[in-house]
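Below is one structure, written out as structure tokens; comments come after it.
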Amino acid sequence: MFNKRIKIKELLAVEPQQQEVTVMGWVRTFRNNQFIALNDGSTNNNLQVVMELGKFGDDLLKRITTSASLKVTGTVVPSLGKGQKLELKATHVEILGDCDAEKYPLQPKKHSLEFLREIAHLRFRTNTFGSVFRVRNALAFAVHKFFNEKGFVYMHTPIITASDAEGAGEMFKVTTLPFDNTPRNVDGSINFKEDFFGRATNLTVSGQLEGELAATALGDIYTFGPTFRAENSNTARHLAEFWMIEPEMAFSDLEDNANLAEEFIKYIIGYAMVHCREDLDFLAQRLADEEKQKPQLERSEMGLIERLEFVIQNDFERLTYTEAIQILKESNHNKKKKFQYLVEDWGVDLQSEHERYLVEKHFKKPVILTDYPKDIKSFYMRMNDDGKTVAAMDILAPGIGEIVGGSQREERMDVLEKRMKEMNIPAEEMWWYLDTRRFGTVPHAGFGLGFERMVQFVTGMTNIRDVIPFPRTPKSAEF
RNA sequence: UCCUCCUUAGCUCAGUUGGUUAGAGCAUCUGACUGUUAAUCAGAGGGUCGUUGGUUCAAGUCCAACAGGGGGAGCCA
């Protein structure tokens with residue numbers, strides 16, 4: 001019977017009254033041959049287990065090493081020492097699993113995130129990653145809670161897809177064809193008719209197109225699932241496998257879309273603030289310590305908690321691409337030629353440095369940029385009346401960059417077909433997508449939010465590889 | 001993929017203008033102590049200096065290539 005254990009988080013909240021309890025967990029430190037700091041993952045706060053001198057044999061004491069797993073039964077008493085309200089006076093201590101101290105790589109000291117990334121299978125046992133993954137869990141739960149409360153239908157869009165028309169990025173191929181002796185057509189090309197699905201298939205880069213199919217019948221839907229991009233991206237904000245949330249709403253325009261995105265972001269941050277306060281406080285302290293190492297100029301003005309509160313309490317800044325270009329063009333930063341890429345002409349895509357200037361220097365809050373030039377955006381985005389811009393929106397977050405990308409979709413069949421032709425999108429392969437416009441089309445809109453970027457923003461972790469349990473990046477798929 | 005920096009003990013790092021047996025803190029092991037808080041004190045073990053090749057009487061130190069990692073950029077979420 002293992003389920004009679006009490007979780008340490010729960011135990012630390014009780015009044016110590018000599019009650020007998022059983023806890024299980026891993027040793028964080030063992031001090032003085034007497035005091036075990038025991039952690040079971042329910043909280044970063046350790047339980048102090050006291051093994052009275054002389055009551056336990058040396059054989060047992062020797063086996064209590066960092067990260068050994070224990071079952072401890074004892075009585076809960078007020079702590080004699082400082083630093084904790086209560087402690088567990090042990091009566092029975094059983095080693096569930098030994099841990100060879102000479103081989104175990106984690107020590108009770110600060111480790112670099114780079115080192116911990118190399119032992120990602122064990123990094124859950126650190127305070128930092130314990131906090132990060134409890135916060136990640138809370139955010140994931142809040143995503144479902146938010147949409148459920150709003151009457152959205154959770155839709156499972158396919159992981160394997162035959163459509164590669166969206167052009168959201170390079171795709172991973174899915175095949176059962178042999179690498180040698182690949183079946184060929186007479187012209188030498190690969191004969192996908194022999195493949196598992198009878199055609200070329202890939203891992204999805206977005207559930208949006210299928211999401212639109214569901215939204216144009218069920219009304220409001222969202223997806224929340226893994227997404228794959230085979231880009232050779234080596235940055236602190238890209239993964240080859242990541243999780244994306246994609247709501248899609250029928251009878252909605254760009255403004256509805258931006259409203260939902262802003263409300264959504266504030267909601268899930270607020271949920272984490274209420275339900276993960278201890279973990280966020282810990283992460284805030286961690287971030288503050290890290291920032292102390294940086295030169296004054298690079299430090300952020302607000303701490304993590306302040307930053308999250310600020311985002312929840314203030315309206316996001318909304319402006320069009322055209323207005324943004326104007327601000328950037330007239331900025332002293334641009335006039336003094338401090339940008340690596342100077343802002344001159346309308347129509348060019350914004351560089352990271354420009355986005356960061358807008359978000360971190362000019363407005364100092366999240367920014368919703370709308371109505372981008374059609375030439376730098378996707379075919380499905382709704383054409384504005386000016387004929388030059390489309391009803392797109394990006395949400396830029398301080399320190400993270402683009403956290404949301406979305407748009408009102410082009411619901412007018414003739415306009416959509418024209419755009420697809422211009423952009424060389426094969427309309428015949430997209431017959432099912434076009435059917436939504438053919439049969440009772442409606443204005444609709446949606447967006448994609450990168451879940452890991454959201455977790456980064458909330459936890460203050462600066463590298464995206466530290467907010468997903470087992471990161472997949474170019475040349476890296478260990479564990 | 002491009003630019004740039006880094007790679008020395010299990011971890012974090014020092015190592016002068018190239019010059020004998022490569023150092024520190026923490027961790028580990030042994031012993032002492034025992035109400036500790038990343039316990040303390042004493043002692044011990046632990047390194048083909050990322051890999052390969054080159055320059056040199058002599059390379060951790062200089063040069064080149066490769067590998068891995070960090071930071072920045074592009075692609076984006």
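Quick note on naming: the chains in the structure tokens go A, B, ... in the order shown, residues restart at 1 in each chain, and ligands are numbered from 1 in order of appearance.
Excluding A27 (chain B) and any residue on its chain fewer than 3 positions from it, the residues at most 9 Å away by only C-alpha atoms (C1' of nucleotides) are Glu102, Leu106, Gln107, Pro108 and Lys109 of chain A; G10 and C11 of chain B.
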Dump of N, CA, C and O atoms (P, O5', C5', C4', C3', O3' and C1' of nucleotides) for the selected residues, as a PDB file, in the first residue's frame:
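Wrote it out as out_0.pdb, contents follow:
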ATOM      1  N   GLU A 102      28.776   8.493  -5.250  1.00  0.00           N
ATOM      2  CA  GLU A 102      29.931   8.751  -6.113  1.00  0.00           C
ATOM      3  C   GLU A 102      29.532   8.890  -7.577  1.00  0.00           C
ATOM      4  O   GLU A 102      30.225   9.506  -8.355  1.00  0.00           O
ATOM      5  N   LEU A 106      23.943  14.994  -9.440  1.00  0.00           N
ATOM      6  CA  LEU A 106      23.428  16.222  -8.823  1.00  0.00           C
ATOM      7  C   LEU A 106      23.957  16.373  -7.397  1.00  0.00           C
ATOM      8  O   LEU A 106      23.949  15.429  -6.632  1.00  0.00           O
ATOM      9  N   GLN A 107      24.402  17.555  -7.093  1.00  0.00           N
ATOM     10  CA  GLN A 107      24.882  17.833  -5.741  1.00  0.00           C
ATOM     11  C   GLN A 107      24.009  18.907  -5.128  1.00  0.00           C
ATOM     12  O   GLN A 107      23.386  19.675  -5.829  1.00  0.00           O
ATOM     13  N   PRO A 108      23.999  18.965  -3.777  1.00  0.00           N
ATOM     14  CA  PRO A 108      23.238  20.043  -3.163  1.00  0.00           C
ATOM     15  C   PRO A 108      23.951  21.378  -3.353  1.00  0.00           C
ATOM     16  O   PRO A 108      24.498  21.942  -2.421  1.00  0.00           O
ATOM     17  N   LYS A 109      23.979  21.856  -4.571  1.00  0.00           N
ATOM     18  CA  LYS A 109      24.581  23.155  -4.877  1.00  0.00           C
ATOM     19  C   LYS A 109      24.004  23.639  -6.188  1.00  0.00           C
ATOM     20  O   LYS A 109      23.244  22.938  -6.849  1.00  0.00           O
TER      21      LYS A 109
ATOM     22  P     G B  10      36.116  14.113 -13.550  1.00  0.00           P
ATOM     23  O5'   G B  10      34.611  14.378 -13.098  1.00  0.00           O
ATOM     24  C5'   G B  10      33.524  13.668 -13.679  1.00  0.00           C
ATOM     25  C4'   G B  10      32.270  14.099 -12.983  1.00  0.00           C
ATOM     26  C3'   G B  10      32.030  15.604 -12.999  1.00  0.00           C
ATOM     27  O3'   G B  10      31.262  15.978 -14.114  1.00  0.00           O
ATOM     28  C1'   G B  10      31.948  14.807 -10.764  1.00  0.00           C
ATOM     29  P     C B  11      31.544  17.393 -14.852  1.00  0.00           P
ATOM     30  O5'   C B  11      30.921  18.445 -13.824  1.00  0.00           O
ATOM     31  C5'   C B  11      29.516  18.563 -13.677  1.00  0.00           C
ATOM     32  C4'   C B  11      29.201  19.642 -12.673  1.00  0.00           C
ATOM     33  C3'   C B  11      29.792  21.008 -13.004  1.00  0.00           C
ATOM     34  O3'   C B  11      28.946  21.736 -13.867  1.00  0.00           O
ATOM     35  C1'   C B  11      30.290  20.460 -10.757  1.00  0.00           C
TER      36        C B  11
END
Exercise. Using DSSP on the backbone, list every residue of region 113-317 of chain A that comes out as strand (DSSP E or B), and give them as a count of residues only.
Key: 31
Practice problem: Quick one: pick out all helix (DSSP H, G or I) residues within region 207-441 of chain A from a backbone DSSP run and write them as a VMD selection string. | Solution: chain A and resid 208 to 218 254 to 275 277 to 292 296 to 298 304 to 313 321 to 330 332 to 335 352 to 362 374 to 376 413 to 422 427 to 438
For those residues, write C-alpha atoms to a file as an mmCIF file, in the first residue's frame.
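Dumped to again05.cif:
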data_model
loop_
_atom_site.group_PDB
_atom_site.id
_atom_site.type_symbol
_atom_site.label_atom_id
_atom_site.label_comp_id
_atom_site.auth_asym_id
_atom_site.auth_seq_id
_atom_site.Cartn_x
_atom_site.Cartn_y
_atom_site.Cartn_z
ATOM 1 C CA GLN A 208 -5.243 25.598 -38.019
ATOM 2 C CA LEU A 209 -6.645 24.443 -41.336
ATOM 3 C CA GLU A 210 -8.403 21.467 -39.749
ATOM 4 C CA GLY A 211 -9.418 23.729 -36.878
ATOM 5 C CA GLU A 212 -11.198 25.982 -39.336
ATOM 6 C CA LEU A 213 -13.181 22.999 -40.621
ATOM 7 C CA ALA A 214 -14.425 22.263 -37.115
ATOM 8 C CA ALA A 215 -15.053 25.907 -36.208
ATOM 9 C CA THR A 216 -17.262 26.424 -39.248
ATOM 10 C CA ALA A 217 -19.694 23.904 -37.777
ATOM 11 C CA LEU A 218 -19.151 23.826 -34.021
ATOM 12 C CA LEU A 254 -9.797 40.547 -36.079
ATOM 13 C CA GLU A 255 -10.880 42.622 -33.109
ATOM 14 C CA ASP A 256 -12.760 39.704 -31.519
ATOM 15 C CA ASN A 257 -9.635 37.661 -32.102
ATOM 16 C CA ALA A 258 -7.340 40.165 -30.396
ATOM 17 C CA ASN A 259 -9.786 40.512 -27.512
ATOM 18 C CA LEU A 260 -9.849 36.760 -26.977
ATOM 19 C CA ALA A 261 -6.072 36.465 -27.131
ATOM 20 C CA GLU A 262 -5.563 39.231 -24.598
ATOM 21 C CA GLU A 263 -8.185 37.865 -22.234
ATOM 22 C CA PHE A 264 -6.759 34.373 -22.598
ATOM 23 C CA ILE A 265 -3.181 35.380 -21.812
ATOM 24 C CA LYS A 266 -4.273 37.358 -18.773
ATOM 25 C CA TYR A 267 -6.449 34.493 -17.568
ATOM 26 C CA ILE A 268 -3.807 31.788 -17.644
ATOM 27 C CA ILE A 269 -1.166 34.039 -16.061
ATOM 28 C CA GLY A 270 -3.669 34.915 -13.345
ATOM 29 C CA TYR A 271 -4.399 31.251 -12.762
ATOM 30 C CA ALA A 272 -0.714 30.477 -12.265
ATOM 31 C CA MET A 273 -0.328 33.478 -9.948
ATOM 32 C CA VAL A 274 -3.065 32.110 -7.691
ATOM 33 C CA HIS A 275 -2.242 28.401 -7.829
ATOM 34 C CA ARG A 277 2.495 31.366 -5.981
ATOM 35 C CA GLU A 278 5.289 29.592 -4.107
ATOM 36 C CA ASP A 279 6.852 28.287 -7.278
ATOM 37 C CA LEU A 280 6.624 31.690 -8.949
ATOM 38 C CA ASP A 281 8.197 33.346 -5.920
ATOM 39 C CA PHE A 282 11.026 30.849 -6.121
ATOM 40 C CA LEU A 283 11.475 31.441 -9.850
ATOM 41 C CA ALA A 284 11.320 35.205 -9.308
ATOM 42 C CA GLN A 285 14.149 34.943 -6.794
ATOM 43 C CA ARG A 286 16.122 32.736 -9.157
ATOM 44 C CA LEU A 287 15.691 35.273 -11.940
ATOM 45 C CA ALA A 288 16.634 38.160 -9.656
ATOM 46 C CA ASP A 289 19.829 36.336 -8.652
ATOM 47 C CA GLU A 290 20.639 35.721 -12.299
ATOM 48 C CA GLU A 291 20.010 39.352 -13.193
ATOM 49 C CA LYS A 292 22.471 40.465 -10.518
ATOM 50 C CA GLN A 296 23.055 47.309 -14.966
ATOM 51 C CA LEU A 297 21.900 48.271 -18.458
ATOM 52 C CA GLU A 298 20.731 44.784 -19.374
ATOM 53 C CA LEU A 304 9.057 38.486 -12.443
ATOM 54 C CA ILE A 305 6.030 38.868 -10.165
ATOM 55 C CA GLU A 306 5.718 42.598 -10.892
ATOM 56 C CA ARG A 307 5.950 41.902 -14.596
ATOM 57 C CA LEU A 308 3.178 39.309 -14.480
ATOM 58 C CA GLU A 309 0.965 41.581 -12.409
ATOM 59 C CA PHE A 310 1.623 44.430 -14.808
ATOM 60 C CA VAL A 311 0.563 42.310 -17.790
ATOM 61 C CA ILE A 312 -2.649 41.237 -16.089
ATOM 62 C CA GLN A 313 -3.584 44.747 -15.005
ATOM 63 C CA TYR A 321 1.913 47.661 -38.739
ATOM 64 C CA THR A 322 1.803 51.007 -40.547
ATOM 65 C CA GLU A 323 1.711 52.915 -37.261
ATOM 66 C CA ALA A 324 4.535 50.785 -35.912
ATOM 67 C CA ILE A 325 6.719 51.550 -38.924
ATOM 68 C CA GLN A 326 6.005 55.246 -38.390
ATOM 69 C CA ILE A 327 7.055 55.067 -34.721
ATOM 70 C CA LEU A 328 10.193 53.133 -35.552
ATOM 71 C CA LYS A 329 11.114 55.453 -38.404
ATOM 72 C CA GLU A 330 10.803 58.534 -36.215
ATOM 73 C CA ASN A 332 15.804 58.461 -32.073
ATOM 74 C CA HIS A 333 17.113 54.926 -32.159
ATOM 75 C CA ASN A 334 16.558 54.858 -35.903
ATOM 76 C CA LYS A 335 17.780 58.417 -36.493
ATOM 77 C CA SER A 352 13.608 41.212 -33.832
ATOM 78 C CA GLU A 353 15.414 44.374 -32.803
ATOM 79 C CA HIS A 354 12.470 46.466 -34.010
ATOM 80 C CA GLU A 355 9.928 44.321 -32.179
ATOM 81 C CA ARG A 356 12.012 44.495 -29.038
ATOM 82 C CA TYR A 357 12.317 48.252 -29.314
ATOM 83 C CA LEU A 358 8.542 48.635 -29.551
ATOM 84 C CA VAL A 359 7.785 46.244 -26.707
ATOM 85 C CA GLU A 360 10.680 46.829 -24.326
ATOM 86 C CA LYS A 361 11.626 50.473 -24.927
ATOM 87 C CA HIS A 362 8.727 52.367 -26.466
ATOM 88 C CA LYS A 374 -0.097 41.094 -47.551
ATOM 89 C CA ASP A 375 3.215 40.135 -49.115
ATOM 90 C CA ILE A 376 4.811 39.109 -45.840
ATOM 91 C CA MET A 413 -14.151 32.295 -52.067
ATOM 92 C CA ASP A 414 -13.150 34.460 -55.005
ATOM 93 C CA VAL A 415 -10.617 36.489 -53.015
ATOM 94 C CA LEU A 416 -9.149 33.350 -51.433
ATOM 95 C CA GLU A 417 -8.753 31.569 -54.750
ATOM 96 C CA LYS A 418 -7.057 34.598 -56.210
ATOM 97 C CA ARG A 419 -4.621 34.781 -53.312
ATOM 98 C CA MET A 420 -3.829 31.084 -53.560
ATOM 99 C CA LYS A 421 -3.048 31.462 -57.227
ATOM 100 C CA GLU A 422 -0.774 34.442 -56.548
ATOM 101 C CA ALA A 427 -6.030 24.794 -54.740
ATOM 102 C CA GLU A 428 -6.957 21.320 -55.983
ATOM 103 C CA GLU A 429 -5.206 19.657 -53.025
ATOM 104 C CA MET A 430 -7.046 22.021 -50.681
ATOM 105 C CA TRP A 431 -10.534 21.173 -51.928
ATOM 106 C CA TRP A 432 -11.706 20.300 -48.429
ATOM 107 C CA TYR A 433 -10.525 23.636 -47.079
ATOM 108 C CA LEU A 434 -12.206 25.537 -49.865
ATOM 109 C CA ASP A 435 -15.448 23.635 -49.253
ATOM 110 C CA THR A 436 -15.907 25.666 -46.040
ATOM 111 C CA ARG A 437 -16.027 28.786 -48.224
ATOM 112 C CA ARG A 438 -18.119 27.043 -50.845
#
Who sits within 12 Å of U52 (chain B), only C-alpha atoms (C1' of nucleotides), same chain under 4 positions skipped, as a PDB file with C-alpha atoms (C1' of nucleotides), in the first residue's frame:
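This went into selection13.pdb:
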ATOM      1  C1'   A B  64      44.019  24.851 -38.453  1.00  0.00           C
ATOM      2  C1'   A B  65      39.975  21.513 -38.992  1.00  0.00           C
ATOM      3  C1'   C B  66      36.148  18.904 -36.621  1.00  0.00           C
ATOM      4  C1'   A B  67      32.659  17.995 -32.462  1.00  0.00           C
TER       5        A B  67
END
Select from chain B every residue with an atom at most 10 Å from any atom of chain A, then for each give the shortest pair of atoms and their distance in Å to one decimal, using only C-alpha atoms (C1' of nucleotides), rows by chain and rising number, as CSV.
residue,atom,partner,partner_atom,distance
B:U1,C1',A:Asn232,CA,7.0
B:G10,C1',A:Pro105,CA,6.4
B:C11,C1',A:His111,CA,6.9
B:U12,C1',A:His111,CA,7.8
B:C26,C1',A:Lys109,CA,7.6
B:A27,C1',A:Gln107,CA,6.3
B:U28,C1',A:Glu102,CA,5.5
B:C29,C1',A:Glu102,CA,8.8
B:C33,C1',A:Asn32,CA,8.9
B:U34,C1',A:Asn32,CA,6.5
B:G35,C1',A:Gly81,CA,6.0
B:U36,C1',A:Asn32,CA,5.8
B:U37,C1',A:Gly83,CA,6.7
B:A38,C1',A:Pro108,CA,5.6
B:A39,C1',A:Arg31,CA,6.0
B:U40,C1',A:Asn32,CA,9.1
B:G69,C1',A:Glu114,CA,7.7
B:G70,C1',A:Glu114,CA,8.3
B:G71,C1',A:Thr235,CA,9.4
B:G72,C1',A:Thr235,CA,9.1
B:A73,C1',A:Ser352,CA,8.7
B:G74,C1',A:Ser233,CA,8.6
B:C75,C1',A:Glu231,CA,7.0
B:C76,C1',A:Ala168,CA,7.7
B:A77,C1',A:Gly450,CA,4.1
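Taking CA of Leu38 (chain A) and CA of Ile119 (chain A) as endpoints, the distance between them is 21.3 Å.
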Quiz prompt | Test item: residues at most 12 Å from U8 (chain B), only C-alpha atoms (C1' of nucleotides), excluding those fewer than 5 positions along its chain, as a ChimeraX atom specification | solution = /B:13-15,22-23,47,49-50,60-61
Quiz item: In Å, how far is it from CA of Glu149 (chain A) to CA of Met249 (chain A)?
Solution: 14.9 Å
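Separating CA of Gly399 (chain A) from CA of Gly460 (chain A) is a distance of 8.9 Å.
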